[in-house]
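Novice: Below is the structure I would like to discuss, written out as structure tokens.
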Amino acid sequence: MTDKNWTETWLDIDNHWNLYFMFPMVFVDLIHAETLYNHSFVALTGYTSEQLVHKPLDGIVSFDVPISEIYEHSYPNPPSFTMESSRIAYATTATNQKIPMEYFVVKMKTRPQSYVIVFRQMEEVAQSLFQRFSKTFLQDVNLGVILINADYRLVEISDMACKILGLDKEETVGKPVEDVFANVPLEYQLVQRTLLDGIIVRNHAVSWTNGQKRYDLLLDSNVLREEDGRIVGAYLFFKDVTNLRSLEEQVQRSDRLSMIGQIAAGTAHEIRNPLTSIKGFLQLFRNSFEGRGMVREQGYVDLMLTEITRVNEMLNEFLMLSKPKHAKYKQTNISHVLLNILPIIQGEAILHQVMLHYNSHPDLPLVVADQEMLKQVFLNICKNGIEAMNDGGGTLTVTEKVDIEDRYVWIEIHDTGPGIPIYVMDKIFDPFFTTKDDATGLGLSVCQRIIHEIGGNIRVSSKGFGTTFTICIPYQ
Ligand SMILES: Nc1ncnc2c1ncn2[C@@H]1O[C@H](COP(=O)(O)OP(=O)(O)O)[C@@H](O)[C@H]1O
Ligand SMILES: [Mg+2]
């Protein structure tokens, strides 16, 4: 085979082929019994071009079907390599090794009974998966990765590392490490030490300040060696654990909550049953009092029934505290949920002479949540806001936002009430904490449980005047 032959063959093939120039390929003309192997194929199998001239294809490659059948599954245009398009074959090398390969066959338009068979080494498939993994790994918002070669030059740095270290990727890649980290105190220069002394670092905690922000980082670093043991580079990666402390507190709180929840729900269940029969008999009493014209007694019974309804409502809240058993998690548009409950909030607002504003977002990403529970969360928090503006005349504003960078949907509920005093702030999510006379103090703890369950969080900010609750829910 000469390159000239191939050039001529290529001229015959239309431009769909550009993609495949680098792959091992074989051209077969069945009428003229001609077989041409391209450069890549020759290189892969380890023969010389001369050895392959006029060599029939089945002498070099064994296919998964008889050779006569491979042309039956030919494509009119080259497909891309996928599981569906490709089949398996083994090429025999000059040293008699078998190389597993994927292949597909394309029928040529310009020549009768002529085909091109495109191969791809199976390892390359694995490689491309690995490449994809490393790319994702580097873009992962949670991982700082730095890769350095044996010349102490920075070869790769992840987006997160750039962000935390305050570096610009374009400006740092390819630069010597000393230049990049010129201003960094020596004890932080772990990569160099790893490279120089072969020290392996595991879970090394450091604090790092970048401008106003302080980060707690957990570092790992190690050298990268060639098979013969030669050091060819080093990597360093770190995780931002700044939020771990508050996470720990959150876990403790939610543990406590779940215990209280279980007790409360268990008790609530036990109380609800006798309550139902008491209510039933009271209704009977009421009817017979009514029949006998005993107005005063009837009034008493009405009062008792109202109280029972109140106790029942409270029990329902108790039951909500335990883990929901019938939660229906599905893709949910929060705008729809809010629109659904807006009339209820509006009703409450009018009752307390409060203005209601709703700023919707045109296309909020979908989140996975239970709609009924989300309704409960928004209602509870809006109700708190409205109750806080008791004197009337305030404004409640519900705003939808999207945090694209961290992939969260934000719902901000802002009121112009008196705000939450600092000494109260710590407790508002505790079950049974309330500053109101006739409230259960369960609202916010239920909200928090529901939102934590779907991986979100609730933040509060209240600076003397007005309060904003921000409900953050992650989306895919
Ligand atoms: N928007 C708000 N403004 C001021 N205080 C608030 C607000 N939301 C909640 N709080 C405080 O948090 C407490 C706990 O709220 P919650 O758990 O809903 O219980 P409850 O409403 O039954 O008191 C309230 O009693 C109140 O003191
Ligand atoms: Mg409440």
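Every chain in the structure tokens has a letter given in the order shown (A, B, ...), and although residue numbers restart at 1 in each chain, ligands are simply numbered from 1 in the order shown.
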As an MDAnalysis selection string, which residues of range 23-119 of chain A does DSSP assign to helix (DSSP H, G or I)?

Specialist: chainID A and resid 39:45 49:52 57:59 67:73

Novice: Can I get the selected residues back with N, CA and C atoms, as a PDB file, in the first residue's frame?

Specialist:
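Contents of selection.pdb, freshly written:
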ATOM      1  N   HIS A  39      -2.386   3.793   7.141  1.00  0.00           N
ATOM      2  CA  HIS A  39      -1.204   3.961   7.956  1.00  0.00           C
ATOM      3  C   HIS A  39      -1.420   3.529   9.402  1.00  0.00           C
ATOM      4  N   SER A  40      -2.546   3.971   9.944  1.00  0.00           N
ATOM      5  CA  SER A  40      -2.886   3.660  11.333  1.00  0.00           C
ATOM      6  C   SER A  40      -2.975   2.160  11.549  1.00  0.00           C
ATOM      7  N   PHE A  41      -3.556   1.475  10.562  1.00  0.00           N
ATOM      8  CA  PHE A  41      -3.715   0.035  10.681  1.00  0.00           C
ATOM      9  C   PHE A  41      -2.347  -0.656  10.673  1.00  0.00           C
ATOM     10  N   VAL A  42      -1.500  -0.189   9.763  1.00  0.00           N
ATOM     11  CA  VAL A  42      -0.156  -0.754   9.652  1.00  0.00           C
ATOM     12  C   VAL A  42       0.590  -0.564  10.975  1.00  0.00           C
ATOM     13  N   ALA A  43       0.479   0.654  11.509  1.00  0.00           N
ATOM     14  CA  ALA A  43       1.190   0.960  12.752  1.00  0.00           C
ATOM     15  C   ALA A  43       0.665   0.104  13.907  1.00  0.00           C
ATOM     16  N   LEU A  44      -0.630  -0.084  13.930  1.00  0.00           N
ATOM     17  CA  LEU A  44      -1.240  -0.830  15.032  1.00  0.00           C
ATOM     18  C   LEU A  44      -0.807  -2.292  15.027  1.00  0.00           C
ATOM     19  N   THR A  45      -0.761  -2.877  13.829  1.00  0.00           N
ATOM     20  CA  THR A  45      -0.496  -4.317  13.758  1.00  0.00           C
ATOM     21  C   THR A  45       0.993  -4.638  13.753  1.00  0.00           C
ATOM     22  N   SER A  49       4.383  -1.871   5.594  1.00  0.00           N
ATOM     23  CA  SER A  49       3.396  -1.675   4.530  1.00  0.00           C
ATOM     24  C   SER A  49       3.537  -2.761   3.476  1.00  0.00           C
ATOM     25  N   GLU A  50       4.767  -3.111   3.175  1.00  0.00           N
ATOM     26  CA  GLU A  50       5.021  -4.108   2.116  1.00  0.00           C
ATOM     27  C   GLU A  50       4.411  -5.456   2.498  1.00  0.00           C
ATOM     28  N   GLN A  51       4.557  -5.820   3.768  1.00  0.00           N
ATOM     29  CA  GLN A  51       4.031  -7.123   4.195  1.00  0.00           C
ATOM     30  C   GLN A  51       2.525  -7.215   4.009  1.00  0.00           C
ATOM     31  N   LEU A  52       1.877  -6.072   4.050  1.00  0.00           N
ATOM     32  CA  LEU A  52       0.418  -6.095   4.000  1.00  0.00           C
ATOM     33  C   LEU A  52      -0.148  -5.972   2.586  1.00  0.00           C
ATOM     34  N   LEU A  57      -7.943  -9.610   3.989  1.00  0.00           N
ATOM     35  CA  LEU A  57      -8.349  -9.093   5.304  1.00  0.00           C
ATOM     36  C   LEU A  57      -8.493 -10.213   6.331  1.00  0.00           C
ATOM     37  N   ASP A  58      -9.105 -11.343   5.926  1.00  0.00           N
ATOM     38  CA  ASP A  58      -9.348 -12.378   6.936  1.00  0.00           C
ATOM     39  C   ASP A  58      -8.069 -13.095   7.356  1.00  0.00           C
ATOM     40  N   GLY A  59      -6.967 -12.776   6.672  1.00  0.00           N
ATOM     41  CA  GLY A  59      -5.685 -13.313   7.126  1.00  0.00           C
ATOM     42  C   GLY A  59      -5.152 -12.521   8.320  1.00  0.00           C
ATOM     43  N   ILE A  67     -16.552 -13.668   7.377  1.00  0.00           N
ATOM     44  CA  ILE A  67     -16.156 -12.450   6.664  1.00  0.00           C
ATOM     45  C   ILE A  67     -17.166 -12.047   5.590  1.00  0.00           C
ATOM     46  N   SER A  68     -17.793 -13.052   4.946  1.00  0.00           N
ATOM     47  CA  SER A  68     -18.747 -12.717   3.872  1.00  0.00           C
ATOM     48  C   SER A  68     -19.955 -11.943   4.441  1.00  0.00           C
ATOM     49  N   GLU A  69     -20.212 -12.140   5.736  1.00  0.00           N
ATOM     50  CA  GLU A  69     -21.402 -11.519   6.315  1.00  0.00           C
ATOM     51  C   GLU A  69     -21.181 -10.088   6.806  1.00  0.00           C
ATOM     52  N   ILE A  70     -19.918  -9.722   6.963  1.00  0.00           N
ATOM     53  CA  ILE A  70     -19.712  -8.394   7.573  1.00  0.00           C
ATOM     54  C   ILE A  70     -20.222  -7.284   6.655  1.00  0.00           C
ATOM     55  N   TYR A  71     -20.250  -7.565   5.341  1.00  0.00           N
ATOM     56  CA  TYR A  71     -20.685  -6.522   4.406  1.00  0.00           C
ATOM     57  C   TYR A  71     -22.205  -6.343   4.407  1.00  0.00           C
ATOM     58  N   GLU A  72     -22.885  -7.348   4.969  1.00  0.00           N
ATOM     59  CA  GLU A  72     -24.343  -7.250   5.009  1.00  0.00           C
ATOM     60  C   GLU A  72     -24.807  -6.167   5.975  1.00  0.00           C
ATOM     61  N   HIS A  73     -23.989  -5.904   6.983  1.00  0.00           N
ATOM     62  CA  HIS A  73     -24.383  -4.890   7.973  1.00  0.00           C
ATOM     63  C   HIS A  73     -23.656  -3.582   7.710  1.00  0.00           C
TER      64      HIS A  73
END

Novice: With only C-alpha atoms and all ligand atoms counted and 7 Å as the cut-off, give the residues of chain A in contact with ligand 1, each with its shortest interatomic distance in Å and the pair that gives it, as a tab-separated table.

Specialist:
residue	atom	partner	partner_atom_place_in_ligand_line	distance
A:Asn380	CA	ligand 1	18 (O)	6.3
A:Ile381	CA	ligand 1	8 (N)	6.5
A:Asn384	CA	ligand 1	8 (N)	4.5
A:Gly385	CA	ligand 1	1 (N)	3.7
A:Ala388	CA	ligand 1	3 (N)	4.8
A:Asp415	CA	ligand 1	1 (N)	6.2
A:Gly417	CA	ligand 1	3 (N)	6.0
A:Pro418	CA	ligand 1	4 (C)	6.4
A:Gly419	CA	ligand 1	4 (C)	4.9
A:Ile420	CA	ligand 1	4 (C)	4.7
A:Ile428	CA	ligand 1	12 (O)	4.3
A:Phe429	CA	ligand 1	17 (O)	5.8
A:Pro431	CA	ligand 1	17 (O)	6.8
A:Phe433	CA	ligand 1	14 (C)	5.6
A:Thr434	CA	ligand 1	25 (O)	3.4
A:Thr435	CA	ligand 1	25 (O)	4.0
A:Lys436	CA	ligand 1	25 (O)	5.2
A:Ala439	CA	ligand 1	22 (O)	4.1
A:Thr440	CA	ligand 1	22 (O)	4.3
A:Gly441	CA	ligand 1	19 (O)	3.2
A:Leu442	CA	ligand 1	17 (O)	4.6
A:Gly443	CA	ligand 1	18 (O)	3.6
A:Leu444	CA	ligand 1	17 (O)	3.6
A:Ser445	CA	ligand 1	17 (O)	5.7
A:Thr467	CA	ligand 1	1 (N)	5.4

Novice: Determine, counting only C-alpha atoms, which protein, DNA and RNA residues have an atom within 12 Å of an atom of Gln346 in chain A; residues of the same chain fewer than 4 positions away are not included. Present the result as a ChimeraX atom specification.

Specialist: /A:338-342,350-358,379,382-383,386,395-398

Novice: I'd like to know which of A:Ile473, A:Met314, A:Gly394, A:Ala89 is closest to ligand 2, using only C-alpha atoms and all ligand atoms.

Specialist: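 Once distances to ligand 2 are computed over only C-alpha atoms and all ligand atoms, the minimum belongs to A:Met314.
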
Novice: What's the 9 Å shell around Thr468 in chain A, counting only C-alpha atoms, without same-chain residues fewer than 6 positions away, as a list in words?

Specialist: Gly385, Glu412, Ile413, His414, Asp415, Thr416, Gly419, Arg459, Val460, Ser461 and Ser462 of chain A

Novice: I'd like the contact shell of Ser158 in chain A - 9 Å cut-off, only C-alpha atoms, skipping same-chain residues fewer than 4 positions apart - returned as a PyMOL selection string.

Specialist: chain A and resi 137-141+143-146+162-163+169

Novice: Would you output that residue set with N, CA, C and O atoms, as an mmCIF file, in the first residue's frame?

Specialist:
data_model
loop_
_atom_site.group_PDB
_atom_site.id
_atom_site.type_symbol
_atom_site.label_atom_id
_atom_site.label_comp_id
_atom_site.auth_asym_id
_atom_site.auth_seq_id
_atom_site.Cartn_x
_atom_site.Cartn_y
_atom_site.Cartn_z
ATOM 1 N N PHE A 137 -13.982 15.434 36.837
ATOM 2 C CA PHE A 137 -13.299 15.524 38.117
ATOM 3 C C PHE A 137 -12.709 16.927 38.301
ATOM 4 O O PHE A 137 -12.820 17.537 39.350
ATOM 5 N N LEU A 138 -12.105 17.425 37.226
ATOM 6 C CA LEU A 138 -11.473 18.742 37.302
ATOM 7 C C LEU A 138 -12.492 19.874 37.395
ATOM 8 O O LEU A 138 -12.220 20.920 37.950
ATOM 9 N N GLN A 139 -13.679 19.610 36.825
ATOM 10 C CA GLN A 139 -14.682 20.679 36.858
ATOM 11 C C GLN A 139 -15.561 20.595 38.096
ATOM 12 O O GLN A 139 -16.349 21.485 38.359
ATOM 13 N N ASP A 140 -15.409 19.506 38.843
ATOM 14 C CA ASP A 140 -16.240 19.306 40.026
ATOM 15 C C ASP A 140 -16.113 20.509 40.961
ATOM 16 O O ASP A 140 -15.014 20.906 41.324
ATOM 17 N N VAL A 141 -17.260 21.070 41.304
ATOM 18 C CA VAL A 141 -17.237 22.303 42.093
ATOM 19 C C VAL A 141 -16.693 22.091 43.499
ATOM 20 O O VAL A 141 -16.340 23.040 44.175
ATOM 21 N N LEU A 143 -14.035 20.011 44.389
ATOM 22 C CA LEU A 143 -12.679 19.513 44.526
ATOM 23 C C LEU A 143 -11.657 20.486 43.954
ATOM 24 O O LEU A 143 -11.806 20.968 42.834
ATOM 25 N N GLY A 144 -10.642 20.746 44.744
ATOM 26 C CA GLY A 144 -9.519 21.510 44.224
ATOM 27 C C GLY A 144 -8.467 20.517 43.769
ATOM 28 O O GLY A 144 -8.067 19.649 44.533
ATOM 29 N N VAL A 145 -8.047 20.612 42.509
ATOM 30 C CA VAL A 145 -7.039 19.683 42.001
ATOM 31 C C VAL A 145 -5.908 20.466 41.357
ATOM 32 O O VAL A 145 -6.147 21.401 40.595
ATOM 33 N N ILE A 146 -4.677 20.094 41.699
ATOM 34 C CA ILE A 146 -3.523 20.710 41.052
ATOM 35 C C ILE A 146 -2.588 19.598 40.608
ATOM 36 O O ILE A 146 -2.302 18.674 41.372
ATOM 37 N N CYS A 162 -8.757 27.244 41.428
ATOM 38 C CA CYS A 162 -8.536 28.623 40.975
ATOM 39 C C CYS A 162 -9.339 29.588 41.838
ATOM 40 O O CYS A 162 -8.843 30.619 42.266
ATOM 41 N N LYS A 163 -10.591 29.208 42.093
ATOM 42 C CA LYS A 163 -11.490 30.093 42.838
ATOM 43 C C LYS A 163 -10.949 30.316 44.254
ATOM 44 O O LYS A 163 -10.818 31.443 44.705
ATOM 45 N N LYS A 169 -6.815 30.593 35.656
ATOM 46 C CA LYS A 169 -6.359 29.352 35.036
ATOM 47 C C LYS A 169 -5.453 29.620 33.826
ATOM 48 O O LYS A 169 -4.378 29.057 33.695
#

Novice: Considering only C-alpha atoms, return as an NGL selection string whatever protein or nucleic-acid residues lie within 10 Å of Arg272 in chain A, sequence-local ones (same chain, fewer than 4 positions apart) excluded.

Specialist: :A and (267-268 or 276-278 or 308 or 311-312 or 315-316)

Novice: Give me the residues within 10 Å of Asn149 in chain A as a ChimeraX atom specification, counting only C-alpha atoms and dropping any in the same chain fewer than 2 places off.

Specialist: /A:147,151-156,174,176-177,195,223-224,231-235

Novice: Under the rule that only C-alpha atoms and all ligand atoms are counted, which of A:Ile148, A:Phe378, A:Ile458, A:Asn203 is the nearest residue to ligand 2?

Specialist: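 For ligand 2, the nearest of the given residues is A:Phe378.
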
Novice: Out of A:Met25, A:Gly347, A:Asn359, A:Glu317, which residue has the shortest atom-to-atom distance to ligand 2 when counting only C-alpha atoms and all ligand atoms?

Specialist: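 Using only C-alpha atoms and all ligand atoms, the shortest distance to ligand 2 belongs to A:Glu317.
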